[in-house]
>>> print(open('data_31.txt').read())   # compact mmCIF, C-alpha atoms and all ligand atoms
# COMPACT_ATOMS: atom_id res chain seq x y z
CA MET A 1 19.06 -146.68 212.20
CA ALA A 2 19.56 -149.05 215.13
CA VAL A 3 17.01 -150.84 217.20
CA THR A 4 17.33 -152.58 220.51
CA ASP A 5 14.45 -154.71 221.64
CA LYS A 6 13.56 -155.96 225.09
CA ALA A 7 15.84 -158.94 224.67
CA GLY A 8 18.70 -156.58 224.00
CA TRP A 9 19.56 -157.38 220.40
CA THR A 10 20.62 -154.64 218.05
CA ALA A 11 20.76 -154.72 214.28
CA ALA A 12 20.77 -151.72 212.03
CA ILE A 13 20.28 -151.75 208.32
CA ASP A 14 22.66 -149.52 206.37
CA GLY A 15 20.54 -147.16 204.28
CA ASP A 16 23.51 -145.98 202.20
CA ARG A 17 24.49 -149.55 201.35
CA LEU A 18 20.90 -150.34 200.37
CA TRP A 19 20.78 -147.25 198.14
CA ARG A 20 24.11 -148.18 196.51
CA SER A 21 22.81 -151.68 195.79
CA LEU A 22 19.66 -150.24 194.22
CA MET A 23 21.66 -147.85 192.06
CA ASP A 24 24.16 -150.55 191.02
CA MET A 25 21.28 -152.84 190.04
CA ALA A 26 19.58 -149.96 188.18
CA ARG A 27 22.60 -149.65 185.87
CA ILE A 28 21.61 -152.99 184.35
CA GLY A 29 19.00 -152.05 181.76
CA ALA A 30 19.22 -148.32 182.52
CA THR A 31 17.02 -146.32 180.12
CA PRO A 32 17.76 -142.83 178.76
CA GLY A 33 14.82 -141.44 180.76
CA GLY A 34 16.38 -142.49 184.09
CA GLY A 35 14.45 -145.71 184.51
CA VAL A 36 15.06 -149.41 183.97
CA GLY A 37 14.09 -151.81 181.19
CA ARG A 38 15.03 -155.26 182.48
CA VAL A 39 12.29 -157.46 181.09
CA ALA A 40 12.09 -161.01 182.44
CA LEU A 41 14.38 -163.65 180.95
CA THR A 42 16.23 -161.28 178.64
CA ASP A 43 20.02 -161.00 178.70
CA LEU A 44 19.63 -157.97 180.97
CA ASP A 45 17.52 -159.98 183.41
CA LYS A 46 20.32 -162.58 183.40
CA ALA A 47 22.86 -159.87 184.20
CA GLY A 48 20.70 -158.60 187.08
CA ARG A 49 20.27 -162.12 188.40
CA ASP A 50 24.01 -162.81 188.18
CA LEU A 51 24.74 -159.67 190.18
CA PHE A 52 22.18 -160.61 192.83
CA VAL A 53 23.60 -164.15 193.10
CA SER A 54 27.11 -162.77 193.55
CA TRP A 55 25.86 -160.42 196.29
CA CYS A 56 24.02 -163.29 198.00
CA LYS A 57 27.16 -165.42 197.97
CA GLY A 58 29.19 -162.47 199.25
CA ALA A 59 26.76 -162.21 202.17
CA GLY A 60 27.29 -165.89 202.97
CA LEU A 61 23.93 -167.11 201.66
CA GLU A 62 23.48 -170.56 200.20
CA VAL A 63 21.92 -169.99 196.78
CA ARG A 64 19.57 -172.35 194.99
CA ILE A 65 17.60 -171.96 191.77
CA ASP A 66 14.23 -173.67 191.60
CA ARG A 67 12.38 -175.22 188.66
CA MET A 68 10.74 -171.87 187.81
CA GLY A 69 14.06 -170.03 187.96
CA ASN A 70 13.27 -168.37 191.28
CA ILE A 71 16.56 -167.49 193.00
CA ILE A 72 16.55 -168.27 196.71
CA GLY A 73 19.35 -167.13 199.02
CA ARG A 74 19.24 -168.91 202.36
CA ARG A 75 20.74 -167.83 205.67
CA ALA A 76 20.93 -170.78 208.03
CA GLY A 77 19.07 -170.62 211.33
CA ALA A 78 20.12 -172.08 214.66
CA ASP A 79 17.19 -174.46 214.21
CA ASP A 80 17.86 -175.03 210.54
CA GLY A 81 15.08 -177.58 210.10
CA ALA A 82 12.45 -175.01 211.06
CA PRO A 83 10.35 -173.52 208.24
CA PRO A 84 12.12 -170.41 206.90
CA VAL A 85 10.90 -166.84 207.19
CA VAL A 86 10.91 -165.63 203.60
CA THR A 87 11.09 -162.25 201.91
CA GLY A 88 11.59 -161.12 198.34
CA SER A 89 10.15 -159.48 195.27
CA HIS A 90 11.30 -159.22 191.63
CA LEU A 91 14.27 -157.94 189.65
CA ASP A 92 12.43 -157.95 186.31
CA SER A 93 10.82 -154.69 185.23
CA GLN A 94 8.44 -153.12 182.79
CA PRO A 95 9.98 -152.23 179.36
CA LEU A 96 10.12 -148.60 180.48
CA GLY A 97 9.96 -149.13 184.22
CA GLY A 98 11.48 -147.56 187.30
CA ARG A 99 14.45 -148.36 189.51
CA PHE A 100 12.46 -149.45 192.55
CA ASP A 101 9.43 -151.54 191.52
CA GLY A 102 10.52 -155.00 192.58
CA ALA A 103 14.25 -154.42 192.98
CA TYR A 104 13.58 -152.69 196.31
CA GLY A 105 11.96 -155.76 197.86
CA VAL A 106 14.77 -158.08 196.74
CA LEU A 107 17.61 -155.81 197.79
CA ALA A 108 15.92 -154.85 201.07
CA GLY A 109 15.94 -158.58 201.88
CA LEU A 110 19.64 -158.73 201.06
CA GLU A 111 20.27 -155.69 203.25
CA VAL A 112 18.48 -157.39 206.16
CA VAL A 113 20.94 -160.28 205.85
CA ARG A 114 23.93 -157.96 205.59
CA ALA A 115 22.77 -156.08 208.71
CA LEU A 116 22.34 -159.29 210.68
CA ASN A 117 25.81 -160.38 209.54
CA ASP A 118 27.25 -157.05 210.71
CA ALA A 119 25.53 -157.45 214.07
CA GLY A 120 26.67 -161.08 214.39
CA LEU A 121 23.11 -162.23 214.97
CA VAL A 122 21.77 -165.67 214.13
CA THR A 123 18.04 -166.25 213.92
CA ARG A 124 16.37 -169.39 215.24
CA ALA A 125 14.52 -170.14 211.99
CA PRO A 126 16.40 -169.78 208.69
CA LEU A 127 15.79 -166.74 206.49
CA GLU A 128 15.30 -166.88 202.71
CA ILE A 129 15.54 -164.03 200.21
CA VAL A 130 13.81 -164.65 196.88
CA ASN A 131 13.96 -163.09 193.44
CA TRP A 132 10.69 -164.33 191.89
CA THR A 133 10.88 -164.98 188.14
CA ASP A 134 8.83 -162.76 185.81
CA GLU A 135 6.59 -160.83 188.17
CA GLU A 136 5.66 -158.28 185.54
CA GLY A 137 4.25 -160.58 182.86
CA VAL A 138 5.40 -158.39 179.98
CA ARG A 139 6.69 -161.08 177.63
CA PHE A 140 4.68 -164.11 178.65
CA ALA A 141 1.21 -162.51 178.96
CA ALA A 142 0.64 -163.51 182.60
CA GLY A 143 2.67 -162.15 185.54
CA VAL A 144 3.44 -163.58 188.99
CA VAL A 145 3.43 -167.06 187.48
CA ALA A 146 6.59 -168.33 189.19
CA SER A 147 5.35 -167.41 192.67
CA GLY A 148 2.02 -168.90 191.57
CA VAL A 149 3.70 -172.24 190.84
CA TYR A 150 5.58 -172.00 194.16
CA ALA A 151 2.26 -171.48 195.96
CA GLY A 152 0.56 -174.36 194.13
CA ARG A 153 -1.76 -172.06 192.17
CA PHE A 154 -0.39 -173.22 188.82
CA ASP A 155 1.21 -176.44 187.59
CA LEU A 156 4.93 -176.38 186.84
CA ASP A 157 4.17 -177.41 183.25
CA TYR A 158 1.80 -174.51 182.79
CA GLY A 159 4.47 -172.09 183.99
CA LEU A 160 7.30 -173.52 181.92
CA ASN A 161 5.19 -173.81 178.75
CA LEU A 162 3.85 -170.25 178.79
CA ALA A 163 4.47 -168.86 175.30
CA ASP A 164 5.77 -165.38 174.63
CA ARG A 165 3.54 -162.93 172.78
CA GLU A 166 5.19 -163.64 169.44
CA GLY A 167 4.70 -167.37 169.95
CA THR A 168 8.39 -167.99 169.22
CA THR A 169 9.58 -169.33 172.58
CA THR A 170 8.45 -170.39 176.04
CA LEU A 171 9.30 -169.30 179.55
CA GLY A 172 11.03 -172.63 180.18
CA ARG A 173 13.21 -172.35 177.08
CA GLU A 174 14.20 -168.80 177.95
CA LEU A 175 15.09 -169.88 181.50
CA ALA A 176 17.39 -172.54 180.02
CA ARG A 177 18.87 -170.04 177.55
CA ILE A 178 19.94 -167.69 180.35
CA GLY A 179 21.11 -170.57 182.58
CA TYR A 180 18.46 -170.24 185.28
CA ASP A 181 16.56 -173.50 184.73
CA GLY A 182 17.28 -174.74 188.23
CA ASP A 183 16.39 -178.08 189.71
CA ALA A 184 15.46 -177.13 193.28
CA LEU A 185 11.88 -177.71 194.42
CA CYS A 186 9.55 -174.86 193.47
CA GLY A 187 7.52 -174.68 196.67
CA GLY A 188 5.92 -177.71 198.24
CA TYR A 189 7.55 -177.17 201.65
CA PRO A 190 6.33 -175.19 204.65
CA ILE A 191 7.40 -171.61 205.17
CA ALA A 192 6.80 -169.76 208.43
CA ALA A 193 5.82 -166.40 206.93
CA PHE A 194 6.39 -164.20 203.89
CA PHE A 195 6.99 -160.44 203.91
CA GLU A 196 7.44 -158.29 200.79
CA ALA A 197 8.73 -154.73 200.88
CA HIS A 198 7.67 -152.58 197.92
CA ILE A 199 7.18 -148.97 196.91
CA GLU A 200 3.50 -148.07 197.16
CA GLN A 201 3.10 -147.25 193.44
CA GLY A 202 0.25 -144.93 194.45
CA PRO A 203 -0.04 -141.51 196.11
CA VAL A 204 -1.64 -142.25 199.50
CA LEU A 205 1.42 -142.47 201.78
CA GLU A 206 3.06 -139.39 200.33
CA HIS A 207 -0.20 -137.47 200.46
CA GLU A 208 -0.75 -138.36 204.12
CA GLY A 209 2.84 -137.88 205.22
CA ALA A 210 3.26 -141.54 206.25
CA THR A 211 6.56 -143.38 205.84
CA ILE A 212 5.25 -146.94 206.18
CA GLY A 213 2.17 -148.58 204.73
CA ALA A 214 0.84 -151.66 206.50
CA VAL A 215 -0.78 -153.37 203.52
CA LEU A 216 -4.20 -154.85 204.20
CA GLY A 217 -4.65 -156.56 200.85
CA ALA A 218 -4.79 -156.12 197.09
CA GLN A 219 -7.68 -155.60 194.69
CA GLY A 220 -8.87 -158.34 192.34
CA GLN A 221 -7.73 -158.44 188.73
CA ARG A 222 -8.85 -160.03 185.44
CA CYS A 223 -6.80 -159.95 182.24
CA TYR A 224 -7.86 -160.89 178.70
CA ALA A 225 -6.34 -161.11 175.24
CA VAL A 226 -8.83 -159.86 172.62
CA THR A 227 -8.24 -160.91 169.01
CA VAL A 228 -10.17 -158.84 166.46
CA THR A 229 -10.16 -160.18 162.91
CA GLY A 230 -11.26 -158.27 159.82
CA GLU A 231 -9.76 -158.30 156.35
CA GLU A 232 -6.63 -156.74 154.93
CA GLY A 233 -6.90 -154.48 151.89
CA HIS A 234 -5.21 -151.72 149.91
CA ALA A 235 -5.26 -148.33 151.65
CA GLY A 236 -5.74 -146.53 148.33
CA THR A 237 -8.30 -148.69 146.61
CA LEU A 238 -10.61 -150.26 149.18
CA PRO A 239 -13.60 -147.91 149.68
CA MET A 240 -14.36 -146.99 153.28
CA ALA A 241 -17.83 -148.51 153.20
CA LEU A 242 -16.46 -151.92 152.20
CA ARG A 243 -13.77 -152.17 154.84
CA ARG A 244 -13.59 -154.62 157.74
CA ASP A 245 -10.87 -152.76 159.59
CA ALA A 246 -9.71 -154.64 162.68
CA MET A 247 -7.84 -151.62 164.03
CA VAL A 248 -10.91 -149.38 163.90
CA GLY A 249 -12.93 -152.08 165.66
CA ALA A 250 -10.27 -152.50 168.35
CA ALA A 251 -10.06 -148.73 168.85
CA ARG A 252 -13.85 -148.54 169.34
CA MET A 253 -13.65 -151.38 171.86
CA MET A 254 -10.86 -149.60 173.76
CA ASP A 255 -12.82 -146.36 173.88
CA GLY A 256 -15.92 -148.25 175.06
CA LEU A 257 -13.96 -150.06 177.78
CA ASN A 258 -12.54 -146.77 179.02
CA ARG A 259 -16.06 -145.29 179.22
CA LEU A 260 -17.39 -148.45 180.88
CA ALA A 261 -15.11 -147.88 183.87
CA PHE A 262 -16.92 -144.64 184.70
CA GLU A 263 -20.27 -146.44 185.02
CA PHE A 264 -19.16 -148.00 188.31
CA GLU A 265 -18.59 -146.59 191.77
CA PRO A 266 -15.93 -146.87 193.13
CA THR A 267 -14.48 -146.61 189.64
CA PRO A 268 -12.52 -149.65 188.52
CA VAL A 269 -9.29 -149.31 186.58
CA ILE A 270 -9.38 -150.73 183.05
CA THR A 271 -6.25 -150.63 180.88
CA THR A 272 -5.72 -151.70 177.27
CA GLY A 273 -1.95 -151.41 177.25
CA HIS A 274 -0.62 -153.90 174.73
CA VAL A 275 -1.50 -154.01 171.03
CA GLN A 276 -0.27 -156.11 168.12
CA VAL A 277 -1.42 -155.17 164.62
CA ARG A 278 -1.16 -157.25 161.47
CA PRO A 279 0.38 -156.38 159.11
CA ASN A 280 1.21 -153.02 160.79
CA SER A 281 1.76 -151.20 157.52
CA ARG A 282 0.87 -147.61 156.61
CA ASN A 283 -0.88 -148.53 153.40
CA THR A 284 -2.70 -151.73 154.32
CA VAL A 285 -6.07 -151.82 156.10
CA PRO A 286 -5.32 -153.76 159.31
CA GLY A 287 -6.62 -157.31 159.20
CA ARG A 288 -6.00 -158.43 162.72
CA VAL A 289 -5.43 -156.79 166.08
CA VAL A 290 -4.68 -158.45 169.39
CA PHE A 291 -4.97 -156.25 172.47
CA SER A 292 -4.91 -156.75 176.22
CA ILE A 293 -7.51 -155.85 178.82
CA ASP A 294 -6.44 -155.47 182.47
CA ALA A 295 -9.43 -154.76 184.75
CA ARG A 296 -9.19 -154.32 188.53
CA HIS A 297 -11.65 -153.57 191.33
CA PRO A 298 -11.63 -154.22 195.09
CA ASP A 299 -15.06 -155.96 195.04
CA ASP A 300 -14.92 -159.35 193.31
CA GLY A 301 -18.68 -159.33 192.55
CA VAL A 302 -18.48 -155.92 190.91
CA LEU A 303 -15.37 -156.97 189.00
CA ALA A 304 -17.23 -160.00 187.63
CA GLU A 305 -20.07 -157.71 186.49
CA ILE A 306 -17.60 -155.30 184.86
CA CYS A 307 -15.97 -158.17 182.98
CA VAL A 308 -19.30 -159.48 181.64
CA LYS A 309 -20.10 -155.98 180.35
CA ALA A 310 -16.61 -155.56 178.92
CA LEU A 311 -16.82 -158.77 176.92
CA ASP A 312 -20.38 -157.98 175.73
CA LEU A 313 -19.16 -154.60 174.58
CA CYS A 314 -16.37 -156.15 172.49
CA HIS A 315 -18.78 -158.63 170.91
CA GLY A 316 -21.24 -155.81 170.14
CA VAL A 317 -18.62 -153.61 168.47
CA ALA A 318 -17.35 -156.57 166.44
CA ALA A 319 -20.84 -157.43 165.20
CA GLU A 320 -21.47 -153.81 164.11
CA GLY A 321 -18.21 -153.72 162.15
CA GLY A 322 -18.56 -157.13 160.50
CA LEU A 323 -15.55 -158.32 162.48
CA GLN A 324 -14.81 -161.49 164.38
CA VAL A 325 -13.65 -161.38 167.96
CA GLU A 326 -12.16 -164.01 170.22
CA ILE A 327 -11.52 -163.29 173.89
CA ALA A 328 -9.26 -165.43 176.08
CA GLU A 329 -8.76 -164.90 179.81
CA THR A 330 -4.99 -164.78 180.31
CA SER A 331 -4.84 -164.33 184.08
CA GLY A 332 -6.95 -163.34 187.03
CA ARG A 333 -7.09 -163.28 190.77
CA ASP A 334 -9.67 -162.48 193.41
CA THR A 335 -9.17 -159.73 195.94
CA VAL A 336 -6.57 -160.72 198.54
CA THR A 337 -6.51 -160.05 202.29
CA PHE A 338 -3.18 -160.35 204.09
CA ASP A 339 -2.64 -162.06 207.45
CA PRO A 340 -3.83 -159.99 210.46
CA ASP A 341 -0.77 -160.93 212.56
CA CYS A 342 1.62 -159.94 209.77
CA ILE A 343 -0.21 -156.65 209.27
CA GLU A 344 -0.04 -155.99 213.01
CA ALA A 345 3.67 -156.88 213.06
CA VAL A 346 4.33 -154.18 210.45
CA ARG A 347 2.31 -151.61 212.40
CA ALA A 348 4.10 -152.54 215.64
CA ALA A 349 7.57 -152.36 214.11
CA ALA A 350 6.80 -148.95 212.62
CA ALA A 351 5.50 -147.72 215.98
CA ARG A 352 8.58 -148.96 217.77
CA LEU A 353 10.78 -147.17 215.25
CA GLY A 354 8.75 -143.96 215.59
CA LEU A 355 7.70 -144.09 211.93
CA ALA A 356 4.36 -142.71 210.77
CA CYS A 357 2.39 -145.67 209.50
CA ARG A 358 -1.05 -146.09 208.00
CA ASP A 359 -3.06 -148.95 206.60
CA VAL A 360 -3.20 -149.08 202.80
CA TYR A 361 -4.59 -151.31 200.05
CA SER A 362 -2.53 -152.31 197.05
CA GLY A 363 -3.80 -151.38 193.61
CA ALA A 364 -0.97 -153.40 192.06
CA GLY A 365 -0.54 -157.14 192.09
CA HIS A 366 2.45 -158.69 193.87
CA ASP A 367 4.04 -162.09 194.38
CA ALA A 368 2.84 -161.77 197.98
CA CYS A 369 -0.71 -162.18 196.62
CA ASN A 370 0.23 -165.73 195.62
CA ILE A 371 2.30 -166.61 198.67
CA GLN A 372 -0.54 -165.61 201.04
CA ARG A 373 -2.26 -168.81 199.86
CA ILE A 374 0.32 -170.96 201.64
CA ALA A 375 1.77 -168.87 204.48
CA PRO A 376 0.96 -165.91 206.72
CA THR A 377 1.91 -162.96 204.54
CA GLY A 378 2.33 -159.23 204.91
CA MET A 379 3.63 -156.33 202.85
CA ILE A 380 5.49 -153.17 203.77
CA PHE A 381 4.95 -150.16 201.52
CA VAL A 382 7.06 -147.02 201.40
CA PRO A 383 6.07 -143.83 199.55
CA CYS A 384 7.06 -143.17 195.96
CA LYS A 385 7.16 -139.71 194.45
CA GLU A 386 3.72 -138.55 193.33
CA GLY A 387 2.63 -142.18 193.29
CA ILE A 388 4.25 -142.62 189.87
CA SER A 389 5.26 -146.16 188.90
CA HIS A 390 5.58 -148.27 185.73
CA ASN A 391 7.32 -145.16 184.50
CA GLU A 392 10.98 -144.22 184.09
CA ARG A 393 10.32 -141.25 186.39
CA GLU A 394 9.48 -143.52 189.34
CA ALA A 395 11.34 -142.19 192.40
CA ALA A 396 11.63 -142.90 196.12
CA ALA A 397 13.55 -141.23 198.96
CA ALA A 398 16.58 -143.09 200.32
CA GLY A 399 15.41 -142.42 203.89
CA ASP A 400 11.99 -143.96 203.26
CA LEU A 401 13.54 -146.99 201.59
CA ALA A 402 15.84 -147.43 204.58
CA ALA A 403 12.92 -147.09 207.01
CA GLY A 404 10.94 -149.78 205.18
CA CYS A 405 14.00 -152.03 205.18
CA GLN A 406 14.44 -151.63 208.93
CA VAL A 407 10.76 -152.55 209.41
CA LEU A 408 11.39 -155.61 207.24
CA LEU A 409 14.32 -156.62 209.45
CA GLU A 410 12.18 -156.18 212.56
CA VAL A 411 9.27 -158.27 211.35
CA MET A 412 11.49 -161.04 209.96
CA VAL A 413 13.54 -161.32 213.14
CA ALA A 414 10.41 -161.20 215.29
CA ARG A 415 8.98 -164.14 213.31
CA ALA A 416 12.21 -166.14 213.11
CA GLY A 417 13.30 -165.50 216.70
CA LEU A 418 16.90 -165.08 217.78
CA ALA A 419 19.22 -167.94 218.65
C1 LIG B 1 2.26 -155.58 188.59
O1 LIG B 1 3.06 -154.71 188.40
C2 LIG B 1 0.85 -155.39 188.34
O2 LIG B 1 0.44 -155.57 187.20
O3 LIG B 1 0.13 -154.97 189.26
MN MN B 2 6.39 -154.88 191.62
MN MN B 3 5.40 -153.66 188.36
>>> encode(input="data_31.txt", output="structure tokens")
Amino acid sequence: MAVTDKAGWTAAIDGDRLWRSLMDMARIGATPGGGVGRVALTDLDKAGRDLFVSWCKGAGLEVRIDRMGNIIGRRAGADDGAPPVVTGSHLDSQPLGGRFDGAYGVLAGLEVVRALNDAGLVTRAPLEIVNWTDEEGVRFAAGVVASGVYAGRFDLDYGLNLADREGTTTLGRELARIGYDGDALCGGYPIAAFFEAHIEQGPVLEHEGATIGAVLGAQGQRCYAVTVTGEEGHAGTLPMALRRDAMVGAARMMDGLNRLAFEFEPTPVITTGHVQVRPNSRNTVPGRVVFSIDARHPDDGVLAEICVKALDLCHGVAAEGGLQVEIAETSGRDTVTFDPDCIEAVRAAAARLGLACRDVYSGAGHDACNIQRIAPTGMIFVPCKEGISHNEREAAAAGDLAAGCQVLLEVMVARAGLA
């Protein structure tokens, strides 16, 4: 796929090379079901990072690691003091995730650099390719924290001191353990623009036969940790009427939260995906359950109303069952709107390449949702099979991934200019 613009420059990304990189990366943490389990700051995440760093160096990038462990590969510009044009996404995954969520955006950035190297082109502004630390928020309760620190949304101390769910370690300690506790500045300097390429993780593009999604924004999100406390007892001797079963209470809350979603139009998405049970034994009545709530809706006012009702519901169920409940907000973000010029740049690049493009909203959260606070930001979506994501079966077509990568090259070069 080659493109020549009015100024006569040509640079073509290599779709086969991009696919090979994705498949090589997917071997690290490969799951039996064909997906990837490369949870942030595990040994597998370290192996993925090491591979990415070696590829960056091979492509001539100067690599730095910042205080949140973000890996930044920099390609010098002719005007190297100019604010960089930045792209990137995440190499960490869900425990049973797919091969493309996150890895695509990082490796598409690398492919842009490789294509520019092949074409012998130097941009005016420097380019930076980022692997953001812990986008998924599986181990440390809140995701997109490292890009949040970079964008000034969170303090560095907050990010580094985030505890894991077991309360046995912190994000900062795990970064040090895997050797990615860098000392470069985590944000705090101007960047010209940020673009993130990602699979859509929803069905709209595939359904409408579009190859490129120009992403308008992302819906708001609120996450909570709910701790339900009852009392442990013997499964054989404690009569049903005398029990204060935390698991039963939590299950009633989960069912109520699922029903609550259907009271609103458009229907929000509410997920209770993570549960810890104490003591988690067949023959002991559960004494304590901690579970997560993830609620999302495109209207911030409606989302606030949903959350009030959700918390009331949990308190009501607890009171009925003689249980105690504590609810802590673990993360949250208002609805995000991306930069009109960046959105238009994606549409224009797709048009120039003859690719069917449509505007889409993101149901998922992304590091781009943080970076849009400090720089003009846009996202490029490509279809994924049946909209399936956060699933080992997640799939995307090599041709679509290549098309999105070429759009990424176009918009980055357009922003950075050519020397
Ligand atoms: C990120 O995958 C999210 O939770 O949307
Ligand atoms: Mn992602
Ligand atoms: Mn994800």
>>> residues_near_ligand(input="data_31.txt", ligand="ligand LIG 1 (chain B)", cutoff="10 Å", atoms="all atoms listed in the file", output="number ranges by chain")
A: 90, 93-94, 97, 101-102, 135-138, 142-144, 201, 218-219, 221, 223, 294, 296, 362-367, 389-390
>>> closest_residue(input="data_31.txt", among="A:Lys57, A:Arg124, A:Arg139, A:His198", to="ligand MN 3 (chain B)", atoms="all atoms listed in the file")
A:His198
>>> residues_around(input="data_31.txt", residues="region 78-88 of chain A", least_positions_apart="6", cutoff="7 Å", atoms="only C-alpha atoms", output="compact mmCIF listing (two decimals) with C-alpha atoms, keeping the file's coordinate frame")
# COMPACT_ATOMS: atom_id res chain seq x y z
CA GLY A 105 11.96 -155.76 197.86
CA VAL A 106 14.77 -158.08 196.74
CA GLY A 109 15.94 -158.58 201.88
CA VAL A 122 21.77 -165.67 214.13
CA THR A 123 18.04 -166.25 213.92
CA ARG A 124 16.37 -169.39 215.24
CA ALA A 125 14.52 -170.14 211.99
CA PRO A 126 16.40 -169.78 208.69
CA LEU A 127 15.79 -166.74 206.49
CA GLU A 128 15.30 -166.88 202.71
CA ILE A 129 15.54 -164.03 200.21
CA VAL A 130 13.81 -164.65 196.88
CA ASN A 131 13.96 -163.09 193.44
CA PRO A 190 6.33 -175.19 204.65
CA ILE A 191 7.40 -171.61 205.17
CA ALA A 192 6.80 -169.76 208.43
CA ALA A 193 5.82 -166.40 206.93
CA PHE A 194 6.39 -164.20 203.89
CA PHE A 195 6.99 -160.44 203.91
CA GLU A 196 7.44 -158.29 200.79
CA MET A 412 11.49 -161.04 209.96
CA ARG A 415 8.98 -164.14 213.31
CA ALA A 416 12.21 -166.14 213.11
CA ALA A 419 19.22 -167.94 218.65
>>> residues_around(input="data_31.txt", residues="Ala318 (chain A)", least_positions_apart="4", cutoff="9 Å", atoms="only C-alpha atoms", output="NGL selection string")
:A and (228-229 or 246 or 249-250 or 253 or 313-314 or 322-325)
>>> residues_around(input="data_31.txt", residues="region 339-343 of chain A", least_positions_apart="3", cutoff="7 Å", atoms="only C-alpha atoms", output="PyMOL selection string")
chain A and resi 214-216+346-347+376-378
>>> closest_residue(input="data_31.txt", among="A:Leu121, A:Ala356, A:Ala146, A:Val308", to="Leu409 (chain A)", atoms="all atoms listed in the file")
A:Leu121
